[in-house]
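With CSV, C-alpha atoms inside, this is protein_10.csv:
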```csv
chain,number,residue,atom,x,y,z
A,976,MET,CA,3.5,-69.5,-61.2
A,977,THR,CA,0.1,-67.8,-61.8
A,978,LYS,CA,-1.7,-65.9,-59.1
A,979,THR,CA,-4.2,-68.7,-58.7
A,980,ASP,CA,-1.3,-71.2,-58.3
A,981,SER,CA,0.3,-69.2,-55.6
A,982,ILE,CA,-2.9,-68.8,-53.7
A,983,LEU,CA,-3.6,-72.6,-54.0
A,984,ALA,CA,0.0,-73.3,-52.9
A,985,GLY,CA,-0.7,-71.6,-49.6
A,986,LEU,CA,-3.8,-73.7,-48.8
A,987,THR,CA,-3.6,-76.6,-46.4
A,988,GLU,CA,-5.1,-80.0,-47.2
A,989,ASP,CA,-7.9,-79.3,-44.7
A,990,GLU,CA,-8.7,-76.0,-46.4
A,991,LEU,CA,-8.7,-77.7,-49.8
A,992,ASP,CA,-11.0,-80.4,-48.4
A,993,THR,CA,-13.5,-77.8,-47.4
A,994,LEU,CA,-13.2,-75.9,-50.7
A,995,VAL,CA,-13.6,-79.1,-52.8
A,996,SER,CA,-16.6,-80.2,-50.7
A,997,ILE,CA,-18.3,-76.9,-51.4
A,998,ALA,CA,-17.4,-76.8,-55.0
A,999,ILE,CA,-18.6,-80.4,-55.7
A,1000,ARG,CA,-22.0,-79.6,-54.1
A,1001,ARG,CA,-22.4,-76.5,-56.1
A,1002,ALA,CA,-21.4,-78.2,-59.4
A,1003,GLU,CA,-23.9,-81.0,-58.7
A,1004,ILE,CA,-26.7,-78.6,-58.1
A,1005,LEU,CA,-25.9,-76.6,-61.2
A,1006,ASP,CA,-25.7,-79.9,-63.2
A,1007,GLU,CA,-29.2,-80.9,-61.9
A,1008,THR,CA,-30.6,-77.6,-63.0
A,1009,GLN,CA,-28.9,-77.9,-66.4
A,1010,SER,CA,-27.3,-74.6,-65.7
A,1011,PRO,CA,-24.7,-73.3,-68.2
A,1012,GLY,CA,-22.5,-72.5,-65.2
A,1013,ALA,CA,-22.0,-76.2,-64.4
A,1014,ASN,CA,-18.9,-76.4,-66.6
A,1015,ASP,CA,-17.2,-73.6,-64.8
A,1016,ALA,CA,-18.2,-75.1,-61.4
A,1017,TRP,CA,-16.7,-78.5,-62.4
A,1018,SER,CA,-13.6,-76.7,-63.6
A,1019,GLU,CA,-13.2,-75.2,-60.1
A,1020,VAL,CA,-13.5,-78.7,-58.7
A,1021,VAL,CA,-10.6,-79.8,-61.0
A,1022,VAL,CA,-8.4,-77.0,-59.6
A,1023,TYR,CA,-8.9,-78.2,-56.0
A,1024,GLU,CA,-8.7,-81.9,-56.8
A,1025,GLU,CA,-5.4,-81.4,-58.7
A,1026,ARG,CA,-3.9,-79.5,-55.8
A,1027,LEU,CA,-5.1,-82.1,-53.4
A,1028,ALA,CA,-3.5,-84.8,-55.6
A,1029,ALA,CA,-0.3,-82.9,-55.5
A,1030,LEU,CA,-0.3,-82.8,-51.7
A,1031,THR,CA,-1.2,-86.4,-51.1
A,1032,ARG,CA,0.3,-89.8,-51.8
A,1033,PRO,CA,-1.2,-91.9,-54.6
A,1034,ASP,CA,-1.6,-94.9,-52.3
A,1035,ASP,CA,-3.5,-93.0,-49.6
A,1036,VAL,CA,-7.3,-93.0,-49.6
A,1037,PRO,CA,-7.5,-89.2,-49.9
A,1038,GLY,CA,-4.8,-89.2,-52.6
A,1039,GLY,CA,-6.7,-91.8,-54.6
A,1040,VAL,CA,-9.9,-89.9,-54.2
A,1041,ALA,CA,-8.3,-86.6,-55.4
A,1042,ARG,CA,-6.6,-88.1,-58.4
A,1043,VAL,CA,-9.8,-89.9,-59.7
A,1044,GLY,CA,-11.8,-86.7,-58.7
A,1045,ALA,CA,-9.6,-84.5,-60.8
A,1046,VAL,CA,-10.2,-86.7,-63.9
A,1047,THR,CA,-13.9,-87.1,-63.4
A,1048,ALA,CA,-14.4,-83.4,-62.7
A,1049,ALA,CA,-12.4,-82.6,-65.9
A,1050,LEU,CA,-14.7,-84.9,-67.8
A,1051,ALA,CA,-17.8,-83.4,-66.2
A,1052,ALA,CA,-16.5,-79.9,-67.2
A,1053,GLY,CA,-16.2,-81.2,-70.8
A,1054,ARG,CA,-12.4,-80.8,-70.7
A,1055,ARG,CA,-11.6,-84.3,-72.1
A,1056,SER,CA,-8.1,-83.5,-73.2
A,1057,ASP,CA,-7.3,-82.2,-69.7
A,1058,ALA,CA,-8.9,-85.4,-68.3
A,1059,SER,CA,-6.6,-87.5,-70.5
A,1060,ARG,CA,-3.5,-85.5,-69.5
A,1061,LEU,CA,-4.3,-85.9,-65.8
A,1062,ALA,CA,-5.1,-89.6,-66.2
A,1063,SER,CA,-1.8,-90.2,-67.9
A,1064,ARG,CA,0.0,-88.4,-65.1
A,1065,TYR,CA,-1.7,-90.3,-62.3
A,1066,LEU,CA,-1.6,-93.7,-64.0
A,1067,ALA,CA,2.2,-93.2,-64.4
A,1068,GLU,CA,2.5,-93.2,-60.6
A,1069,GLU,CA,3.7,-96.7,-59.6
A,1070,ALA,CA,2.1,-96.6,-56.2
A,1071,PHE,CA,-1.4,-95.7,-57.6
A,1072,PRO,CA,-3.6,-98.7,-56.5
A,1073,SER,CA,-5.2,-100.9,-59.2
A,1074,GLU,CA,-8.7,-100.1,-57.8
A,1075,ARG,CA,-8.1,-96.4,-58.5
A,1076,ARG,CA,-6.7,-97.1,-61.9
A,1077,GLU,CA,-10.0,-99.0,-62.7
A,1078,ALA,CA,-12.0,-96.1,-61.4
A,1079,ILE,CA,-10.3,-93.8,-63.9
A,1080,GLN,CA,-11.0,-96.2,-66.7
A,1081,ARG,CA,-14.6,-96.4,-65.6
A,1082,ALA,CA,-14.8,-92.6,-65.6
A,1083,PHE,CA,-13.8,-92.5,-69.3
A,1084,GLN,CA,-16.2,-95.4,-70.1
A,1085,GLU,CA,-19.1,-93.6,-68.4
A,1086,ASP,CA,-18.2,-90.4,-70.2
A,1087,GLN,CA,-18.4,-92.2,-73.5
A,1088,ALA,CA,-21.7,-93.7,-72.5
A,1089,ARG,CA,-23.0,-90.2,-71.6
A,1090,LEU,CA,-21.9,-88.9,-75.0
A,1091,ALA,CA,-23.6,-91.8,-76.8
A,1092,GLN,CA,-26.8,-91.1,-74.9
A,1093,ARG,CA,-26.6,-87.5,-75.8
A,1094,PHE,CA,-25.6,-88.0,-79.5
A,1095,PRO,CA,-27.4,-91.3,-80.4
A,1096,ALA,CA,-27.1,-90.8,-84.1
A,1097,LEU,CA,-23.4,-90.3,-84.0
A,1098,ALA,CA,-23.0,-93.2,-81.7
A,1099,LYS,CA,-25.1,-95.5,-83.9
A,1100,THR,CA,-22.9,-94.7,-86.9
A,1101,GLY,CA,-19.7,-94.9,-85.0
A,1102,ARG,CA,-18.9,-91.2,-85.4
A,1103,LEU,CA,-18.5,-90.2,-81.8
A,1104,ALA,CA,-14.8,-89.5,-82.4
A,1105,GLU,CA,-15.9,-86.6,-84.6
A,1106,LEU,CA,-17.1,-84.9,-81.5
A,1107,ALA,CA,-13.4,-84.5,-80.4
A,1108,VAL,CA,-12.7,-82.4,-83.5
A,1109,TRP,CA,-15.8,-80.3,-82.9
A,1110,ARG,CA,-14.9,-79.9,-79.3
A,1111,ALA,CA,-11.4,-78.8,-80.1
A,1112,SER,CA,-12.8,-76.0,-82.2
A,1113,THR,CA,-15.4,-74.9,-79.7
A,1114,SER,CA,-13.6,-75.4,-76.4
A,1115,THR,CA,-11.8,-72.1,-76.7
A,1116,HIS,CA,-15.2,-70.4,-76.9
A,1117,LEU,CA,-17.0,-71.9,-74.0
A,1118,HIS,CA,-18.7,-68.6,-73.3
A,1119,VAL,CA,-20.4,-69.0,-76.7
A,1120,PHE,CA,-20.9,-72.8,-76.4
A,1121,PRO,CA,-21.2,-73.3,-72.6
A,1122,ARG,CA,-22.6,-76.8,-72.9
A,1123,ALA,CA,-20.7,-77.6,-76.0
A,1124,ALA,CA,-18.8,-80.4,-74.3
B,764,MET,CA,-23.5,-80.5,-35.4
B,765,HIS,CA,-20.4,-82.1,-36.9
B,766,PRO,CA,-17.4,-79.9,-35.9
B,767,ARG,CA,-16.0,-79.6,-39.4
B,768,LEU,CA,-19.3,-78.2,-40.7
B,769,ARG,CA,-19.2,-75.1,-38.6
B,770,GLY,CA,-18.7,-72.1,-40.8
B,771,HIS,CA,-19.4,-74.2,-43.9
B,772,PRO,CA,-21.2,-72.0,-46.5
B,773,THR,CA,-23.9,-74.7,-46.9
B,774,ASP,CA,-25.7,-74.0,-43.6
B,775,TYR,CA,-26.2,-77.6,-42.6
B,776,ALA,CA,-27.4,-76.7,-39.1
B,777,ARG,CA,-30.1,-74.5,-40.6
B,778,PHE,CA,-31.2,-77.1,-43.1
B,779,GLY,CA,-31.3,-79.9,-40.5
B,780,ALA,CA,-33.4,-77.6,-38.2
B,781,LEU,CA,-35.7,-76.6,-41.0
B,782,ALA,CA,-36.3,-80.2,-42.1
B,783,LEU,CA,-37.2,-81.2,-38.5
B,784,GLN,CA,-39.4,-78.2,-38.0
B,785,ARG,CA,-41.2,-78.8,-41.3
B,786,ALA,CA,-42.1,-82.3,-40.0
B,787,GLY,CA,-43.7,-80.6,-36.9
B,788,HIS,CA,-40.9,-81.2,-34.4
B,789,ASP,CA,-39.6,-78.8,-31.7
B,790,SER,CA,-36.1,-78.9,-30.3
B,791,PRO,CA,-35.1,-81.1,-28.6
B,792,VAL,CA,-36.7,-84.2,-30.1
B,793,ARG,CA,-35.9,-87.8,-29.4
B,794,ALA,CA,-35.1,-89.8,-32.5
B,795,GLY,CA,-35.3,-93.5,-32.9
B,796,VAL,CA,-32.0,-95.1,-34.0
B,797,ARG,CA,-31.7,-98.4,-35.8
B,798,HIS,CA,-28.1,-99.2,-36.7
B,799,GLY,CA,-28.1,-102.7,-38.1
B,800,ALA,CA,-29.7,-104.9,-35.6
B,801,GLU,CA,-29.2,-102.4,-32.7
B,802,GLU,CA,-31.9,-100.1,-31.5
B,803,ASN,CA,-31.3,-96.9,-29.6
B,804,THR,CA,-32.4,-93.3,-29.3
B,805,ALA,CA,-30.7,-90.0,-29.9
B,806,ASP,CA,-31.7,-86.5,-28.8
B,807,LEU,CA,-31.6,-84.0,-31.6
B,808,GLU,CA,-31.3,-80.3,-30.6
B,809,TRP,CA,-31.2,-77.2,-32.7
B,810,HIS,CA,-31.6,-73.5,-32.8
B,811,ALA,CA,-35.1,-72.6,-34.0
B,812,GLN,CA,-35.2,-71.3,-37.5
B,813,ASP,CA,-37.6,-68.8,-39.1
B,814,PRO,CA,-40.3,-71.0,-40.6
B,815,THR,CA,-40.9,-68.5,-43.4
B,816,LEU,CA,-37.7,-69.8,-44.9
B,817,LEU,CA,-39.6,-73.0,-45.8
B,818,GLN,CA,-41.5,-71.0,-48.3
B,819,VAL,CA,-38.5,-69.7,-50.2
B,820,LEU,CA,-36.0,-72.6,-50.0
B,821,ASP,CA,-36.1,-75.6,-52.2
B,822,GLY,CA,-37.9,-78.4,-50.4
B,823,ASN,CA,-35.7,-81.2,-51.8
B,824,ARG,CA,-32.5,-79.4,-50.7
B,825,ILE,CA,-33.9,-79.0,-47.2
B,826,THR,CA,-34.5,-82.7,-47.1
B,827,GLU,CA,-31.1,-83.7,-48.6
B,828,ASP,CA,-28.9,-81.2,-46.7
B,829,GLY,CA,-31.0,-81.7,-43.5
B,830,ALA,CA,-30.4,-85.4,-43.7
B,831,GLU,CA,-26.7,-84.9,-44.3
B,832,ALA,CA,-26.5,-82.7,-41.2
B,833,VAL,CA,-28.2,-85.3,-39.0
B,834,ALA,CA,-26.2,-88.2,-40.5
B,835,LEU,CA,-22.8,-86.6,-40.1
B,836,ALA,CA,-23.6,-85.6,-36.6
B,837,TYR,CA,-24.8,-89.1,-35.9
B,838,ALA,CA,-21.6,-90.7,-37.4
B,839,SER,CA,-19.5,-88.3,-35.4
B,840,SER,CA,-21.2,-88.6,-32.0
B,841,SER,CA,-21.9,-92.3,-32.2
B,842,ALA,CA,-18.5,-93.6,-33.4
B,843,GLY,CA,-16.1,-90.6,-33.6
B,844,TRP,CA,-16.0,-90.4,-37.3
B,845,VAL,CA,-14.6,-87.1,-38.5
B,846,MET,CA,-15.6,-85.6,-41.9
B,847,LYS,CA,-12.8,-85.5,-44.4
B,848,ARG,CA,-14.5,-84.3,-47.6
B,849,ARG,CA,-17.4,-84.6,-49.9
B,850,LEU,CA,-17.1,-87.3,-52.7
B,851,GLN,CA,-18.1,-87.0,-56.3
B,852,ARG,CA,-21.0,-89.1,-57.4
B,853,SER,CA,-18.8,-91.5,-59.3
B,854,GLU,CA,-17.5,-92.8,-55.9
B,855,SER,CA,-21.0,-94.0,-55.0
B,856,ALA,CA,-21.0,-92.3,-51.6
B,857,ASP,CA,-21.5,-88.7,-50.4
B,858,TRP,CA,-18.8,-88.2,-47.8
B,859,LEU,CA,-15.4,-89.6,-46.8
B,860,LEU,CA,-14.8,-89.7,-43.0
B,861,HIS,CA,-11.9,-90.9,-41.0
B,862,ASN,CA,-11.2,-92.1,-37.5
B,863,ASP,CA,-7.5,-92.6,-36.7
B,864,GLU,CA,-6.4,-94.9,-39.6
B,865,ARG,CA,-9.8,-96.1,-40.6
B,866,TRP,CA,-11.9,-94.6,-43.4
B,867,LEU,CA,-15.6,-94.6,-44.0
B,868,ALA,CA,-17.6,-93.9,-47.1
B,869,LEU,CA,-21.0,-92.5,-46.1
B,870,GLU,CA,-24.0,-92.4,-48.3
B,871,VAL,CA,-26.9,-90.3,-47.0
B,872,SER,CA,-30.6,-89.8,-47.8
B,873,GLY,CA,-33.6,-88.2,-46.2
B,874,VAL,CA,-37.3,-88.9,-46.5
B,875,THR,CA,-40.1,-86.7,-45.4
B,876,THR,CA,-42.9,-89.3,-45.3
B,877,GLY,CA,-43.4,-92.9,-46.0
B,878,ASP,CA,-41.3,-96.1,-45.5
B,879,PRO,CA,-37.6,-95.3,-45.1
B,880,TRP,CA,-36.5,-98.9,-45.1
B,881,ALA,CA,-36.8,-99.3,-48.9
B,882,ARG,CA,-34.6,-96.2,-49.2
B,883,LEU,CA,-32.1,-97.6,-46.8
B,884,GLU,CA,-31.8,-100.8,-49.0
B,885,ASP,CA,-31.3,-98.6,-52.1
B,886,LYS,CA,-28.6,-96.7,-50.4
B,887,LYS,CA,-26.9,-99.8,-49.1
B,888,ARG,CA,-26.8,-101.1,-52.6
B,889,GLN,CA,-25.4,-97.8,-53.8
B,890,VAL,CA,-22.6,-97.6,-51.3
B,891,ALA,CA,-21.7,-101.2,-51.8
B,892,HIS,CA,-20.5,-100.1,-55.3
B,893,CYS,CA,-18.0,-97.7,-53.6
B,894,SER,CA,-14.6,-99.1,-54.6
B,895,LEU,CA,-12.5,-97.1,-52.0
B,896,ALA,CA,-10.5,-99.0,-49.4
B,897,ALA,CA,-13.0,-97.9,-46.8
B,898,GLU,CA,-15.7,-99.1,-44.6
B,899,ARG,CA,-19.2,-98.3,-46.0
B,900,LEU,CA,-22.3,-97.0,-44.3
B,901,ALA,CA,-25.7,-95.9,-45.5
B,902,VAL,CA,-27.8,-93.6,-43.4
B,903,VAL,CA,-31.4,-92.6,-44.0
B,904,VAL,CA,-33.0,-89.9,-41.9
B,905,ALA,CA,-36.8,-90.2,-41.7
B,906,PHE,CA,-37.9,-86.7,-40.6
B,907,GLU,CA,-41.5,-87.6,-39.9
B,908,ARG,CA,-41.0,-89.6,-36.7
B,909,PRO,CA,-37.9,-88.8,-36.6
B,910,ASP,CA,-35.8,-91.9,-37.1
B,911,ILE,CA,-32.1,-92.5,-38.0
B,912,LEU,CA,-31.6,-95.7,-39.9
B,913,ALA,CA,-28.1,-96.9,-40.6
B,914,ASP,CA,-26.6,-100.1,-42.0
B,915,SER,CA,-23.6,-101.4,-43.9
B,916,PRO,CA,-24.0,-103.4,-47.1
```

Mind turning this structure into structure tokens?
Amino acid sequence: MTKTDSILAGLTEDELDTLVSIAIRRAEILDETQSPGANDAWSEVVVYEERLAALTRPDDVPGGVARVGAVTAALAAGRRSDASRLASRYLAEEAFPSERREAIQRAFQEDQARLAQRFPALAKTGRLAELAVWRASTSTHLHVFPRAA
Amino acid sequence: MHPRLRGHPTDYARFGALALQRAGHDSPVRAGVRHGAEENTADLEWHAQDPTLLQVLDGNRITEDGAEAVALAYASSSAGWVMKRRLQRSESADWLLHNDERWLALEVSGVTTGDPWARLEDKKRQVAHCSLAAERLAVVVAFERPDILADSP
């Protein structure tokens, strides 16, 4: 268990609700200003959403919000492989409601649409998948390519 | 002020106060309330803030966060809704609130001047897209008069 994990494990759901609320607002503001810090801010949201997902039931409203939130925040942070990993984990939960499953599918579709808007030439020629290869090589150097995702 | 917002790093009480002061109001001020077809009033009170802050803080943030302060306080005081957490934009609502076993998705907006009714219709349409198993409410705070407009889609 990392130090971050042990700190998170000591937080209550109420405390995490407060932290995730602050983190989402900060990430949105950084996004609006096109700040390079936005990716890190969304990564912080992922940490809180994942922990909230672990503390809550998949069929509860807060549990459903946290699970979808972890996936959408990972996508917003440009961490698409993490988003896929989280989505697989949550979609495997039998009690996860169909509406929430659709919300996760929608998040991936919207992410693809965002990418297509950002890289119209690649989208037009059906080469958006190449971005995944490029991302894999740059994702370990986000300090160099903060908006690479 | 909504009880869960006390101590929140985003100083909602301050932003709410500044938005009302910027519109020329002094505490307390009586706001008109229109919730669906029902008309009412609400007295808004706040601690006076240093007006020089208006010159250094972002005007849009004052409006947005000020509206959230007023809307959350209204939802809490009028129907006992308690704030749970902020929602990401993909949920088509700003806040998740609860009241016993009930859930509410709340979408909030603020306007400084002009007709707030069109904004309320926009926000109703937006929150109608929220797919959570929750009731839905849109609130628009018009700071000029001031008015609190609320309705469900």

### Task
Within 8 Å of Val1046 (chain A), counting all atoms listed in the file, which residues show up once you throw out same-chain ones fewer than 6 positions away? Write them as an MDAnalysis selection string, please.
chainID A and resid 1021 1057:1059 1061:1062 1079 1082

#### Entry: Leu1090 (chain A) surroundings by all atoms listed in the file, 12 Å radius, close-in-sequence under 5 positions cut, as a list in words
Leu1050, Ala1051, Gly1053, Arg1055, Phe1083, Gln1084, Glu1085, Pro1095, Ala1096, Leu1097, Ala1098, Lys1099, Gly1101, Arg1102, Leu1103, Ala1104, Glu1105, Leu1106, Ala1107, Ala1123 and Ala1124 of chain A

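Nearest residue to Val1040 (chain A), choosing from B:Leu807, B:Ile825, B:Ala896, B:Val903 and counting only C-alpha atoms: B:Ala896.
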
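Residues from chain A found within 7 Å of chain B are Asp992, Thr993, Ser996, Ile999, Val1036, Gly1044 and Glu1074 of chain A, counting only C-alpha atoms.
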
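If all atoms listed in the file are the atoms counted, then among B:Ala794, B:Ala805, B:Ala776, B:Ala786 the closest residue to Ser841 (chain B) is B:Ala805.
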
### Spatial neighbours of Thr826 (chain B), 12 Å, all atoms listed in the file, chain gap at least 5 places, as a PyMOL selection string
chain B and resi 775+777-786+817+820-821+831-834+871-876+903-907

### Task
Just give me the gap between CA of Glu898 (chain B) and CA of Leu867 (chain B) in Å, one decimal is fine.
4.5 Å

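For Ala1052 (chain A), the non-local neighbours within 7 Å, defined as residues at least 4 positions apart in the same chain or in other chains and counting only C-alpha atoms, are Asn1014, Asp1015, Trp1017, Ser1018 and Ala1048 of chain A.
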
### Query
To one decimal place, how far is CA of Leu869 (chain B) from CA of Asn823 (chain B) in Å?
19.4 Å

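Here CA of Asp914 (chain B) stands at a distance of 10.4 Å from CA of Trp880 (chain B).
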
### Message
For Gly1038 (chain A), find every residue with an atom within 10 Å (counting only C-alpha atoms), except residues of its own chain fewer than 5 positions away, and show them as a list of chain:residue names.
### Response
A:Glu1024, A:Glu1025, A:Leu1027, A:Ala1028, A:Ala1029, A:Leu1030, A:Thr1031, A:Arg1032, A:Pro1033, A:Val1043, A:Gly1044, A:Phe1071, A:Arg1075

If I only have part of region 781-812 of chain B, can you fill in N, CA and C atoms and write it as an mmCIF file, in the coordinates of the input?
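Listing of result.cif after writing:
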```cif
data_model
loop_
_atom_site.group_PDB
_atom_site.id
_atom_site.type_symbol
_atom_site.label_atom_id
_atom_site.label_comp_id
_atom_site.auth_asym_id
_atom_site.auth_seq_id
_atom_site.Cartn_x
_atom_site.Cartn_y
_atom_site.Cartn_z
ATOM 1 N N LEU B 781 -34.544 -76.887 -40.183
ATOM 2 C CA LEU B 781 -35.700 -76.600 -41.000
ATOM 3 C C LEU B 781 -36.454 -77.939 -41.373
ATOM 4 N N ALA B 782 -35.658 -78.960 -41.692
ATOM 5 C CA ALA B 782 -36.300 -80.200 -42.100
ATOM 6 C C ALA B 782 -37.035 -80.833 -40.882
ATOM 7 N N LEU B 783 -36.493 -80.693 -39.688
ATOM 8 C CA LEU B 783 -37.200 -81.200 -38.500
ATOM 9 C C LEU B 783 -38.391 -80.363 -38.145
ATOM 10 N N GLN B 784 -38.254 -79.055 -38.271
ATOM 11 C CA GLN B 784 -39.400 -78.200 -38.000
ATOM 12 C C GLN B 784 -40.528 -78.379 -38.983
ATOM 13 N N ARG B 785 -40.161 -78.557 -40.242
ATOM 14 C CA ARG B 785 -41.200 -78.800 -41.300
ATOM 15 C C ARG B 785 -41.983 -80.040 -40.983
ATOM 16 N N ALA B 786 -41.348 -81.017 -40.327
ATOM 17 C CA ALA B 786 -42.100 -82.300 -40.000
ATOM 18 C C ALA B 786 -42.848 -82.099 -38.679
ATOM 19 N N GLY B 787 -42.830 -80.892 -38.111
ATOM 20 C CA GLY B 787 -43.700 -80.600 -36.900
ATOM 21 C C GLY B 787 -42.952 -80.828 -35.601
ATOM 22 N N HIS B 788 -41.633 -80.947 -35.605
ATOM 23 C CA HIS B 788 -40.900 -81.200 -34.400
ATOM 24 C C HIS B 788 -40.374 -79.876 -33.764
ATOM 25 N N ASP B 789 -40.283 -79.877 -32.438
ATOM 26 C CA ASP B 789 -39.600 -78.800 -31.700
ATOM 27 C C ASP B 789 -38.373 -79.339 -31.050
ATOM 28 N N SER B 790 -37.370 -78.468 -30.935
ATOM 29 C CA SER B 790 -36.100 -78.900 -30.300
ATOM 30 C C SER B 790 -36.302 -78.895 -28.763
ATOM 31 N N PRO B 791 -35.788 -79.910 -28.050
ATOM 32 C CA PRO B 791 -35.100 -81.100 -28.600
ATOM 33 C C PRO B 791 -36.181 -82.192 -28.888
ATOM 34 N N VAL B 792 -35.794 -83.093 -29.761
ATOM 35 C CA VAL B 792 -36.700 -84.200 -30.100
ATOM 36 C C VAL B 792 -35.885 -85.511 -29.958
ATOM 37 N N ARG B 793 -36.536 -86.533 -29.476
ATOM 38 C CA ARG B 793 -35.900 -87.800 -29.400
ATOM 39 C C ARG B 793 -36.105 -88.637 -30.635
ATOM 40 N N ALA B 794 -35.011 -89.001 -31.283
ATOM 41 C CA ALA B 794 -35.100 -89.800 -32.500
ATOM 42 C C ALA B 794 -34.860 -91.243 -32.239
ATOM 43 N N GLY B 795 -35.570 -92.084 -32.926
ATOM 44 C CA GLY B 795 -35.300 -93.500 -32.900
ATOM 45 C C GLY B 795 -34.060 -93.802 -33.728
ATOM 46 N N VAL B 796 -33.198 -94.686 -33.242
ATOM 47 C CA VAL B 796 -32.000 -95.100 -34.000
ATOM 48 C C VAL B 796 -32.019 -96.556 -34.228
ATOM 49 N N ARG B 797 -31.873 -96.960 -35.464
ATOM 50 C CA ARG B 797 -31.700 -98.400 -35.800
ATOM 51 C C ARG B 797 -30.477 -98.539 -36.613
ATOM 52 N N HIS B 798 -29.420 -99.050 -35.982
ATOM 53 C CA HIS B 798 -28.100 -99.200 -36.700
ATOM 54 C C HIS B 798 -27.891 -100.712 -36.815
ATOM 55 N N GLY B 799 -28.112 -101.250 -37.979
ATOM 56 C CA GLY B 799 -28.100 -102.700 -38.100
ATOM 57 C C GLY B 799 -29.147 -103.312 -37.289
ATOM 58 N N ALA B 800 -28.747 -104.240 -36.416
ATOM 59 C CA ALA B 800 -29.700 -104.900 -35.600
ATOM 60 C C ALA B 800 -29.937 -104.163 -34.236
ATOM 61 N N GLU B 801 -29.123 -103.135 -33.993
ATOM 62 C CA GLU B 801 -29.200 -102.400 -32.700
ATOM 63 C C GLU B 801 -30.187 -101.295 -32.724
ATOM 64 N N GLU B 802 -30.967 -101.219 -31.646
ATOM 65 C CA GLU B 802 -31.900 -100.100 -31.500
ATOM 66 C C GLU B 802 -31.491 -99.196 -30.399
ATOM 67 N N ASN B 803 -31.695 -97.906 -30.600
ATOM 68 C CA ASN B 803 -31.300 -96.900 -29.600
ATOM 69 C C ASN B 803 -32.092 -95.653 -29.818
ATOM 70 N N THR B 804 -31.730 -94.621 -29.078
ATOM 71 C CA THR B 804 -32.400 -93.300 -29.300
ATOM 72 C C THR B 804 -31.265 -92.251 -29.325
ATOM 73 N N ALA B 805 -31.604 -91.124 -29.919
ATOM 74 C CA ALA B 805 -30.700 -90.000 -29.900
ATOM 75 C C ALA B 805 -31.474 -88.715 -29.778
ATOM 76 N N ASP B 806 -30.994 -87.812 -28.947
ATOM 77 C CA ASP B 806 -31.700 -86.500 -28.800
ATOM 78 C C ASP B 806 -31.119 -85.509 -29.751
ATOM 79 N N LEU B 807 -31.992 -84.967 -30.571
ATOM 80 C CA LEU B 807 -31.600 -84.000 -31.600
ATOM 81 C C LEU B 807 -31.971 -82.585 -31.052
ATOM 82 N N GLU B 808 -31.001 -81.682 -31.003
ATOM 83 C CA GLU B 808 -31.300 -80.300 -30.600
ATOM 84 C C GLU B 808 -30.829 -79.341 -31.627
ATOM 85 N N TRP B 809 -31.555 -78.238 -31.744
ATOM 86 C CA TRP B 809 -31.200 -77.200 -32.700
ATOM 87 C C TRP B 809 -31.698 -75.870 -32.340
ATOM 88 N N HIS B 810 -31.121 -74.855 -32.979
ATOM 89 C CA HIS B 810 -31.600 -73.500 -32.800
ATOM 90 C C HIS B 810 -32.813 -73.303 -33.712
ATOM 91 N N ALA B 811 -33.916 -72.815 -33.156
ATOM 92 C CA ALA B 811 -35.100 -72.600 -34.000
ATOM 93 C C ALA B 811 -34.864 -71.711 -35.141
ATOM 94 N N GLN B 812 -35.387 -72.086 -36.287
ATOM 95 C CA GLN B 812 -35.200 -71.300 -37.500
ATOM 96 C C GLN B 812 -36.530 -70.626 -37.902
#
```
